[in-house]
Structure formats: structure tokens, C-alpha cells
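Source file: entry20.txt. Holds: compact mmCIF, C-alpha atoms.
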# COMPACT_ATOMS: atom_id res chain seq x y z
CA MET A 1 40.84 24.90 -1.53
CA GLU A 2 44.33 23.53 -1.05
CA GLN A 3 44.89 23.50 -4.77
CA GLN A 4 43.85 27.16 -5.02
CA GLN A 5 46.25 28.16 -2.22
CA ASN A 6 49.11 26.28 -3.87
CA TYR A 7 48.20 27.43 -7.41
CA GLY A 8 48.20 23.79 -8.54
CA ILE A 9 51.72 23.15 -7.21
CA SER A 10 52.08 20.39 -4.62
CA PRO A 11 54.25 20.95 -1.52
CA ALA A 12 56.31 17.90 -2.52
CA PHE A 13 57.32 19.59 -5.78
CA ARG A 14 58.50 22.72 -3.96
CA GLU A 15 60.43 20.70 -1.42
CA ASN A 16 62.25 18.55 -3.97
CA LEU A 17 63.59 21.11 -6.43
CA THR A 18 67.02 20.38 -7.87
CA PRO A 19 69.82 22.88 -7.21
CA GLN A 20 69.46 24.19 -10.76
CA GLN A 21 65.72 24.66 -10.29
CA GLN A 22 66.23 26.38 -6.96
CA GLU A 23 68.75 28.77 -8.52
CA PHE A 24 66.27 29.56 -11.33
CA VAL A 25 63.55 30.29 -8.76
CA MET A 26 65.82 32.56 -6.73
CA GLN A 27 66.93 34.51 -9.82
CA THR A 28 63.30 35.02 -10.80
CA VAL A 29 62.42 36.21 -7.29
CA ARG A 30 65.32 38.67 -7.24
CA LYS A 31 64.64 40.22 -10.63
CA THR A 32 60.84 40.54 -10.25
CA ASN A 33 59.60 43.88 -8.95
CA ILE A 34 55.87 43.82 -8.24
CA ASN A 35 55.88 47.60 -7.93
CA ASP A 36 56.65 47.66 -11.66
CA VAL A 37 53.47 47.11 -13.69
CA LEU A 38 55.50 45.75 -16.63
CA ASP A 39 57.07 43.08 -14.40
CA ILE A 40 53.61 41.93 -13.30
CA THR A 41 52.00 41.83 -16.74
CA SER A 42 55.03 40.18 -18.40
CA PHE A 43 55.57 37.57 -15.69
CA CYS A 44 55.92 34.30 -17.70
CA SER A 45 53.99 35.94 -20.57
CA GLU A 46 56.12 34.50 -23.39
CA GLN A 47 55.76 30.94 -22.19
CA GLU A 48 52.05 31.35 -21.51
CA GLY A 49 51.51 32.63 -25.02
CA ALA A 50 53.38 29.68 -26.48
CA VAL A 51 51.17 27.23 -24.60
CA ASN A 52 48.02 28.96 -25.78
CA GLY A 53 49.29 28.35 -29.31
CA PHE A 54 48.42 24.69 -28.90
CA ASN A 55 44.73 25.36 -29.37
CA SER A 56 41.90 22.96 -30.10
CA THR A 57 41.45 24.30 -33.62
CA MET A 58 44.96 23.19 -34.63
CA LEU A 59 44.50 19.80 -32.98
CA ASP A 60 41.19 19.24 -34.73
CA GLY A 61 42.82 20.32 -37.98
CA GLN A 62 45.54 17.70 -37.57
CA THR A 63 42.94 15.00 -37.04
CA ALA A 64 40.81 16.09 -39.99
CA ALA A 65 43.88 15.98 -42.24
CA SER A 66 44.34 12.26 -41.64
CA LEU A 67 42.36 11.41 -44.81
CA GLY A 68 41.93 14.58 -46.87
CA GLU A 69 41.93 13.96 -50.63
CA ALA A 70 42.27 10.23 -50.14
CA GLY A 71 38.91 10.25 -48.34
CA ASP A 72 37.35 12.09 -51.28
CA LEU A 73 38.78 9.55 -53.72
CA ILE A 74 37.50 6.65 -51.61
CA THR A 75 34.03 8.19 -51.70
CA SER A 76 34.27 8.67 -55.46
CA CYS A 77 35.43 5.10 -56.01
CA MET A 78 32.76 3.64 -53.76
CA THR A 79 30.12 5.61 -55.67
CA LYS A 80 31.40 4.25 -58.97
CA ILE A 81 31.64 0.69 -57.65
CA LYS A 82 28.20 0.82 -56.06
CA GLY A 83 26.79 2.10 -59.35
CA PHE A 84 28.59 -0.58 -61.41
CA ASP A 85 25.44 -2.09 -62.91
CA VAL A 86 24.96 -3.59 -66.32
CA GLU A 87 21.63 -1.76 -66.57
CA GLU A 88 23.57 1.51 -66.69
CA CYS A 89 25.72 0.11 -69.49
CA LYS A 90 22.76 -0.50 -71.76
CA PRO A 91 22.05 1.91 -74.63
CA GLY A 92 19.76 4.83 -73.76
CA LEU A 93 16.03 4.36 -74.24
CA PHE A 94 15.95 6.99 -76.95
CA GLY A 95 18.62 5.16 -78.95
CA PHE A 96 16.72 2.07 -79.94
CA GLY A 97 16.64 1.22 -83.63
CA SER A 98 17.56 -1.46 -86.09
CA LYS A 99 21.22 -0.48 -86.05
CA MET A 100 21.36 -0.58 -82.21
CA ILE A 101 19.70 -3.98 -82.06
CA LYS A 102 22.03 -5.49 -84.64
CA LYS A 103 25.19 -4.30 -82.93
CA GLY A 104 25.22 -6.20 -79.64
CA SER A 105 28.88 -5.33 -79.27
CA ASN A 106 27.91 -1.83 -78.05
CA LYS A 107 26.90 -3.27 -74.68
CA PHE A 108 30.28 -4.92 -74.29
CA ASN A 109 32.12 -1.74 -75.29
CA ARG A 110 30.20 0.42 -72.81
CA LEU A 111 30.78 -2.07 -70.01
CA ARG A 112 34.49 -2.23 -70.78
CA ALA A 113 34.74 1.58 -70.80
CA ARG A 114 33.03 1.75 -67.38
CA TYR A 115 35.42 -0.81 -65.92
CA GLN A 116 38.40 1.11 -67.29
CA THR A 117 37.09 4.29 -65.62
CA VAL A 118 36.88 2.53 -62.23
CA ASP A 119 40.32 0.97 -62.71
CA ALA A 120 41.84 4.40 -63.42
CA GLN A 121 40.18 5.73 -60.28
CA LEU A 122 41.68 2.91 -58.23
CA GLU A 123 45.16 3.64 -59.56
CA GLU A 124 44.72 7.30 -58.66
CA LEU A 125 43.54 6.25 -55.22
CA VAL A 126 46.68 4.15 -54.68
CA GLN A 127 48.86 7.17 -55.50
CA ALA A 128 46.86 9.42 -53.18
CA ILE A 129 47.04 6.89 -50.32
CA THR A 130 50.81 6.60 -50.73
CA ALA A 131 51.15 10.39 -50.46
CA LYS A 132 48.76 10.46 -47.51
CA GLU A 133 50.83 7.87 -45.66
CA MET A 134 53.72 10.32 -45.73
CA ASP A 135 51.45 13.15 -44.51
CA VAL A 136 50.19 11.07 -41.59
CA GLN A 137 53.75 10.07 -40.66
CA GLN A 138 54.65 13.77 -40.65
CA VAL A 139 51.73 14.43 -38.29
CA ALA A 140 53.04 11.75 -35.90
CA ASN A 141 56.51 13.34 -35.97
CA GLN A 142 55.04 16.78 -35.33
CA MET A 143 53.11 15.42 -32.35
CA ASP A 144 56.38 14.05 -30.93
CA GLN A 145 57.92 17.51 -31.11
CA MET A 146 54.84 19.17 -29.64
CA ILE A 147 54.66 16.69 -26.76
CA GLU A 148 58.29 17.42 -25.83
CA SER A 149 57.76 21.17 -26.18
CA ASN A 150 54.64 20.95 -24.02
CA ARG A 151 56.58 19.05 -21.33
CA LYS A 152 59.31 21.72 -21.19
CA GLU A 153 56.77 24.53 -21.07
CA ARG A 154 54.84 22.92 -18.23
CA GLU A 155 58.07 22.47 -16.28
CA TYR A 156 59.00 26.11 -16.87
CA MET A 157 55.59 27.37 -15.76
CA LYS A 158 55.68 25.27 -12.59
CA LEU A 159 59.01 26.85 -11.63
CA MET A 160 57.65 30.32 -12.41
CA ILE A 161 54.61 29.63 -10.22
CA VAL A 162 56.89 28.47 -7.38
CA ALA A 163 58.88 31.70 -7.76
CA GLY A 164 55.65 33.70 -7.80
CA MET A 165 54.43 31.99 -4.63
CA GLN A 166 57.69 32.87 -2.88
CA ILE A 167 57.42 36.48 -4.08
CA LEU A 168 53.88 36.70 -2.70
CA GLU A 169 54.95 35.26 0.64
CA GLU A 170 57.76 37.78 1.00
CA LYS A 171 55.71 40.75 -0.16
CA ARG A 172 52.81 39.92 2.13
CA GLN A 173 55.20 39.85 5.08
CA GLU A 174 56.52 43.25 4.03
CA LEU A 175 52.94 44.50 3.76
CA GLU A 176 52.13 43.41 7.31
CA ALA A 177 55.25 45.20 8.56
CA LEU A 178 54.21 48.39 6.73
CA LYS A 179 50.72 48.23 8.17
CA ALA A 180 52.19 47.95 11.67
CA ASP A 181 54.47 50.96 11.09
CA PRO A 182 52.65 54.15 12.20
CA THR A 183 55.04 56.30 10.14
CA ALA A 184 54.25 54.52 6.88
CA ASP A 185 52.48 56.51 4.16
CA PRO A 186 48.86 55.13 3.89
CA VAL A 187 48.78 55.80 0.15
CA GLN A 188 51.96 53.81 -0.43
CA VAL A 189 50.67 50.99 1.78
CA LYS A 190 47.44 50.86 -0.22
CA GLN A 191 49.32 50.92 -3.54
CA PHE A 192 51.66 48.17 -2.35
CA SER A 193 48.67 46.05 -1.31
CA ALA A 194 47.02 46.62 -4.71
CA ASN A 195 50.21 45.52 -6.49
CA ILE A 196 50.29 42.34 -4.41
CA ASP A 197 46.67 41.60 -5.35
CA ARG A 198 47.43 42.26 -9.01
CA PHE A 199 50.41 39.93 -8.97
CA ASP A 200 48.27 37.33 -7.19
CA ARG A 201 45.73 37.48 -10.03
CA ARG A 202 48.53 37.14 -12.57
CA LEU A 203 49.81 34.07 -10.76
CA TYR A 204 46.31 32.62 -10.60
CA ASN A 205 45.86 33.02 -14.37
CA LEU A 206 49.26 31.43 -14.92
CA ALA A 207 48.15 28.46 -12.81
CA LEU A 208 45.03 28.12 -14.97
CA THR A 209 47.20 28.17 -18.08
CA LYS A 210 49.38 25.44 -16.62
CA GLU A 211 46.30 23.33 -15.92
CA LEU A 212 45.23 23.79 -19.55
CA SER A 213 48.71 22.81 -20.70
CA ASP A 214 48.51 19.68 -18.55
CA THR A 215 45.46 18.57 -20.54
CA LEU A 216 47.12 19.11 -23.93
CA GLY A 217 49.78 16.43 -23.56
CA PRO A 218 47.30 13.49 -23.54
CA LYS A 219 45.43 15.04 -26.49
CA MET A 220 48.65 15.27 -28.47
CA LEU A 221 49.43 11.66 -27.63
CA ASP A 222 45.94 10.64 -28.77
CA ILE A 223 46.48 12.38 -32.10
CA LYS A 224 49.87 10.72 -32.50
CA THR A 225 48.32 7.31 -31.81
CA SER A 226 45.47 8.05 -34.22
CA ALA A 227 47.98 9.08 -36.89
CA GLN A 228 49.93 5.85 -36.47
CA ASN A 229 46.73 3.77 -36.59
CA THR A 230 45.58 5.67 -39.66
CA GLN A 231 48.90 5.05 -41.36
CA ASP A 232 48.56 1.31 -40.67
CA ALA A 233 45.03 1.36 -42.09
CA LEU A 234 46.16 3.20 -45.23
CA VAL A 235 48.90 0.65 -45.81
CA THR A 236 46.34 -2.15 -45.50
CA VAL A 237 44.01 -0.44 -47.97
CA ARG A 238 46.81 0.14 -50.46
CA THR A 239 48.38 -3.32 -50.29
CA VAL A 240 45.34 -5.54 -49.65
CA THR A 241 41.96 -3.88 -50.08
CA ILE A 242 42.59 -2.25 -53.46
CA LYS A 243 43.86 -5.54 -54.91
CA THR A 244 40.72 -7.26 -53.66
CA TRP A 245 38.57 -4.59 -55.28
CA LYS A 246 40.31 -5.14 -58.61
CA SER A 247 39.71 -8.88 -58.45
CA GLN A 248 36.03 -8.41 -57.63
CA LEU A 249 35.55 -5.85 -60.39
CA SER A 250 37.20 -8.15 -62.89
CA MET A 251 34.72 -10.89 -61.91
CA ILE A 252 31.79 -8.50 -62.33
CA PHE A 253 33.11 -7.46 -65.71
CA ALA A 254 33.45 -11.02 -66.89
CA ALA A 255 29.99 -12.02 -65.56
CA GLU A 256 28.17 -9.07 -67.09
CA VAL A 257 29.72 -9.63 -70.50
CA VAL A 258 28.07 -13.06 -70.79
CA LYS A 259 24.76 -12.17 -69.07
CA LYS A 260 21.66 -11.91 -71.22
CA GLY A 261 20.21 -8.48 -71.57
CA VAL A 262 16.70 -7.55 -70.62
CA GLU A 263 14.21 -7.97 -73.41
CA LEU A 264 14.10 -4.90 -75.67
CA THR A 265 10.31 -5.00 -75.80
CA ASN A 266 10.09 -4.64 -72.03
CA GLN A 267 12.38 -1.61 -72.16
CA ILE A 268 10.30 0.01 -74.90
CA THR A 269 7.05 -0.66 -73.01
CA ASP A 270 8.43 0.73 -69.78
CA PHE A 271 9.65 3.83 -71.56
CA ASN A 272 6.30 4.29 -73.33
CA ASN A 273 4.43 4.10 -70.00
CA GLN A 274 6.79 6.59 -68.38
CA LEU A 275 6.55 8.97 -71.31
CA ALA A 276 2.74 8.90 -71.38
CA LEU A 277 2.54 9.49 -67.64
CA LYS A 278 5.03 12.33 -67.83
CA VAL A 279 3.08 14.06 -70.60
CA SER A 280 -0.15 13.71 -68.60
CA GLU A 281 1.43 15.15 -65.45
CA SER A 282 2.98 18.04 -67.38
CA VAL A 283 -0.35 19.02 -68.98
CA LYS A 284 -2.11 18.78 -65.61
CA ASP A 285 0.47 20.98 -63.84
CA LEU A 286 0.42 23.54 -66.64
CA SER A 287 -3.39 23.83 -66.62
CA ILE A 288 -3.55 24.28 -62.85
CA GLU A 289 -0.82 26.92 -62.74
CA ALA A 290 -2.35 28.84 -65.65
CA ALA A 291 -5.77 28.92 -63.94
CA LYS A 292 -4.25 30.16 -60.69
CA ALA A 293 -2.32 32.90 -62.49
CA GLN A 294 -5.44 34.16 -64.29
CA GLU A 295 -7.45 34.45 -61.07
CA ARG A 296 -4.85 36.45 -59.09
CA GLY A 297 -5.18 40.20 -58.69
CA VAL A 298 -2.44 42.77 -59.30
CA ILE A 299 -1.52 42.57 -55.63
CA ASP A 300 -2.68 40.21 -52.87
CA MET A 301 -4.85 41.55 -50.04
CA ASP A 302 -2.57 39.86 -47.50
CA VAL A 303 0.28 42.03 -48.72
CA LEU A 304 -1.82 45.22 -48.53
CA ARG A 305 -2.93 44.35 -44.99
CA GLN A 306 0.67 43.77 -43.93
CA ILE A 307 1.78 47.08 -45.47
CA ASN A 308 -0.94 48.95 -43.58
CA GLN A 309 -0.12 47.16 -40.32
CA ASN A 310 3.58 48.02 -40.71
CA ALA A 311 2.72 51.70 -41.15
CA LEU A 312 0.56 51.72 -38.00
CA GLU A 313 3.19 49.91 -35.94
CA THR A 314 5.91 52.29 -37.17
CA ALA A 315 3.93 55.34 -36.04
CA ALA A 316 3.17 53.79 -32.64
CA GLN A 317 6.75 52.72 -32.04
CA THR A 318 8.10 56.15 -33.04
CA GLU A 319 5.80 57.90 -30.59
CA LYS A 320 6.66 55.43 -27.82
CA ILE A 321 10.42 55.87 -28.36
CA ALA A 322 10.11 59.68 -28.20
CA LEU A 323 8.18 59.54 -24.91
CA GLU A 324 10.59 57.09 -23.33
CA ALA A 325 13.59 59.18 -24.41
CA LYS A 326 12.07 62.30 -22.86
CA LYS A 327 11.46 60.49 -19.54
CA LYS A 328 14.99 59.10 -19.56
CA ARG A 329 16.52 62.54 -20.11
CA GLU A 330 14.58 63.91 -17.15
CA ALA A 331 15.69 61.00 -14.95
CA ASP A 332 19.30 61.39 -16.11
CA ARG A 333 19.31 65.09 -15.23
CA ALA A 334 18.05 64.29 -11.72
CA GLU A 335 20.64 61.55 -11.28
CA LEU A 336 23.46 63.83 -12.48
CA ALA A 337 22.44 66.43 -9.91
CA GLN A 338 22.50 63.80 -7.16
CA MET A 339 25.89 62.56 -8.29
CA SER A 340 27.32 66.09 -8.24
CA LYS A 341 25.91 66.75 -4.80
CA ALA A 342 27.29 63.46 -3.43
CA ARG A 343 30.73 64.18 -4.89
CA GLU A 344 30.83 67.66 -3.31
CA GLU A 345 29.82 66.26 0.09
CA ALA A 346 32.49 63.56 -0.14
CA THR A 347 35.11 66.16 -1.05
CA ARG A 348 34.18 68.30 1.92
CA ARG A 349 34.39 65.31 4.29
CA ILE A 350 37.86 64.38 3.00
CA ALA A 351 39.07 67.99 3.36
Structure re-expressed in C-alpha cells:
Amino acid sequence: MEQQQNYGISPAFRENLTPQQQEFVMQTVRKTNINDVLDITSFCSEQEGAVNGFNSTMLDGQTAASLGEAGDLITSCMTKIKGFDVEECKPGLFGFGSKMIKKGSNKFNRLRARYQTVDAQLEELVQAITAKEMDVQQVANQMDQMIESNRKEREYMKLMIVAGMQILEEKRQELEALKADPTADPVQVKQFSANIDRFDRRLYNLALTKELSDTLGPKMLDIKTSAQNTQDALVTVRTVTIKTWKSQLSMIFAAEVVKKGVELTNQITDFNNQLALKVSESVKDLSIEAAKAQERGVIDMDVLRQINQNALETAAQTEKIALEAKKKREADRAELAQMSKAREEATRRIA
């Protein structure tokens, strides 16, 4: 409750304002006219709008940009490395023949081409990581600027809230004096009270905005820290991890070159089994689908039943809507008559 009464501003802050801050508060109090709607609606509006600019979408966007294209390249490289298997480097099953068997160098050439593809991907990854390091550093610098801007805005809003609190205190005292004055115009007193309430709501919303702004600073600092950590990780990947990958791939390349291939007869047998099974499954599926197609009618009974049901439901719903609309019009006419009668009675009482 205390926080609501103070709009999030502690008494200690109000009591320890610097002379410059006190002068700012007094100038704001003097130039603010709560009887002017524009003064109420524009009270600290520019600064509040600037704070709302630091929204969660932008913050999440900054975080998601920490990898970007480099993340895609890492995924691509990992896919290639994970799939770096000599079995994939063997000639296709349909390519067996006397010429393929005699030329064992084809296996070596295909393996070498695959290694060169991965190596080119790694070089591209190094370039992307280097560029991404600069992007992440820029994010950290931007967070520094946003943190400082956020600090200034929160300070400004706190002073505006203090000024608003003082305005409310003064205007409420004036309101009490007007209420005690028997010569005061009741309409003006009521309007003045409404303006005070409106300004109070404006100040309350400004306090909520300040509370939101207070939560943004730590988030910005978290993003800055994450950006710095990400930059360190990217440097490690570029200078250490990629070199390790190249060494490991070179070892795989050398080992696979000298490894004996799987026996050609086993490959042919495996392919023959797969081909026979595939033909059998294809013939089976075709026969079943053809039989089903021949036995179907021009249109399914389920569809005809649904069409008939839709027609019945449409007629019933249309009739129901018409009846309900008629009842509602009758009720509305009765209610309008009551409203007119009540308004006339109220007018007569006021007169």
C-alpha cells in the first residue's frame, strides 16, 4: 500500500534531491496545469514512449542474432562431418561392372572430393565466425548505450513522478478549500475533482512504466554479458576447435584411403535382396489400391449423409435465428420505452 501511495518513489529519494533536481521539480510543478487536458495526457509522454521502445521483441532479437549465419554453417558442417563415411564414398550400386571393379582409384578420388568439400565448408565457417565476432561486439556496445540511456530515463521519470506527487498534494488541498466554500460553483468543483483523478491515473501509469524500466536494465546487462561470452566462445571455435576438426578429418581421410572395401559380392547380394523386396511390395500395393478403386461408388454414402444432415441443420438454425431475432426486437422496444421514461423522470426531478 505504501508503494502505491508513493507511486514507487521512496520518501528518502524525495528528501535528498539535489538543488538541480529540486529546481527541475519546481519548474515542472509551475508549468503543469491539470485543468488543461493536453498537460495531463502529455505529462512525461515523450520519455515514457522512449522507455517502451526497449521492448522484449528487440531484446530477444539481439540474443537470437548472436549466432545467425554462423550457426547455420556449424549445423551444415556438423552434418557433413557426421556423414563422413567411406560407405558413402563407394560407387553406387547401379554402377558395378568390369570397368568399375578394375579402377580402384575411383574410391580414392570420391573420398578426396568429399574431404575437399568439408574443408571448403570449414574455411567458409572461419570467415563467418570472424564476421560474427564483430557483430556480437557491436551488440555489446549497443547494450552499453542502452543501459546508460535507460538509467537517464529512469532518473527523469522519478523526478517527474515527484513533481506529479507535489502537484496532486497542492491540488487536493485546493479542492478541499473549494468544497468548504459555499459560494463555489458545484460544476467547477466537480470538474476540478475529475481533473485531479485523471492526473492521478496518469501518474499511476507513469509509475508502472518506471517499474517496467527498472526491470530492463538487468536484462540489458544480461544480454551484454551473453554477447561477451558468445564472442569468447566464437574466438575459441575459430582459433582452436576448427583446427582440431581439420586434424581429425585429415586422419579420417588417411585411414579410409588404406581401409579395405566391403566385398563386392556382398553389395550385389544386398542390392538384389532389396530390389526383389521392393518389386514385391510395389506389386502388392498396386493390386490392393486397384481393387479398392474398382469397388467404390461414384460418391460415398457417408458424404451423402453429411450433405443431407447439413441441409437439415441449416434449415433449423435459420428458423431458430429468426425467432430469436423477433424476441430480441420486442424486448429492445420495451427497454427503449423504459429508458425514455426514466430519462424524462430524471429531467423533471432535476428541473
(message) Between A:Leu221, A:Val118, A:Val283, A:Ile268, which residue has the minimum interatomic distance to Gln145 of chain A, considering only C-alpha atoms?
(response)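 The answer is A:Leu221, which sits nearest to Gln145 of chain A.
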(message) What's the separation between atom CA of Asp214 of chain A and atom CA of Ile147 of chain A, in Å to one decimal place?
(response) 10.7 Å
(message) When you look at Ile196 of chain A with a cut-off of 7 Å (counting all atoms listed in the file), what residues show up, excluding the ones that are within fewer than 4 positions of it in the same chain? I need them as a PyMOL selection string.
(response) chain A and resi 34+168+192+200
Test item: residues at most 7 Å from Leu203 of chain A, all atoms listed in the file, excluding those fewer than 4 positions along its chain, as a PDB file with C-alpha atoms, keeping the file's coordinate frame:
ATOM      1  CA  ILE A 161      54.610  29.630 -10.220  1.00  0.00           C
ATOM      2  CA  GLY A 164      55.650  33.700  -7.800  1.00  0.00           C
ATOM      3  CA  PHE A 199      50.410  39.930  -8.970  1.00  0.00           C
ATOM      4  CA  ALA A 207      48.150  28.460 -12.810  1.00  0.00           C
TER       5      ALA A 207
END
Box along x, y and z, 8 Å on every side, all listed atoms of segment 144-160 of chain A inside: centre and edge lengths in Å to one decimal, as JSON.
{"center_x": 57.0, "center_y": 22.2, "center_z": -21.4, "size_x": 20.7, "size_y": 32.3, "size_z": 35.5}
(request) Figure out the distance between atom CA of Val126 of chain A and atom CA of Asp144 of chain A, please, to one decimal in Å. (result)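 That distance, rounded to one decimal, is 27.5 Å.
Closest approach to Arg201 of chain A among A:Gln267, A:Gln248, A:Tyr7, A:Val187 is made by A:Tyr7 (distances from all atoms listed in the file).
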(request) Find the residue from A:Lys152, A:Ile223, A:Ser193, A:Arg238 that sits nearest to Lys179 of chain A; use all atoms listed in the file when measuring. (result)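 Of the candidates, the smallest distance to Lys179 of chain A is held by A:Ser193.
Atom to atom, atom CA of Glu211 of chain A and atom CA of Tyr156 of chain A stand 13.0 Å apart.
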(request) Return the single residue from A:Leu175, A:Val237, A:Ile350, A:Val279 that is closest to Ala128 of chain A, with distances computed using all atoms listed in the file. (result)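 The shortest atom-to-atom distance to Ala128 of chain A comes from A:Val237.
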(message) Give me, as a list in words, all polymer residues having an atom no more than 12 Å from Thr239 of chain A, counting only C-alpha atoms and skipping those fewer than 6 positions away in the same chain.
(response) Leu125, Val126, Gln127, Ile129, Thr130, Asp232, Ala233, Trp245 and Lys246 of chain A
(message) Which residue is closest to Asp197 of chain A? Choose from A:Asn35, A:Ser280, A:Gln121, A:Gln338 and count only C-alpha atoms.
(response) A:Asn35
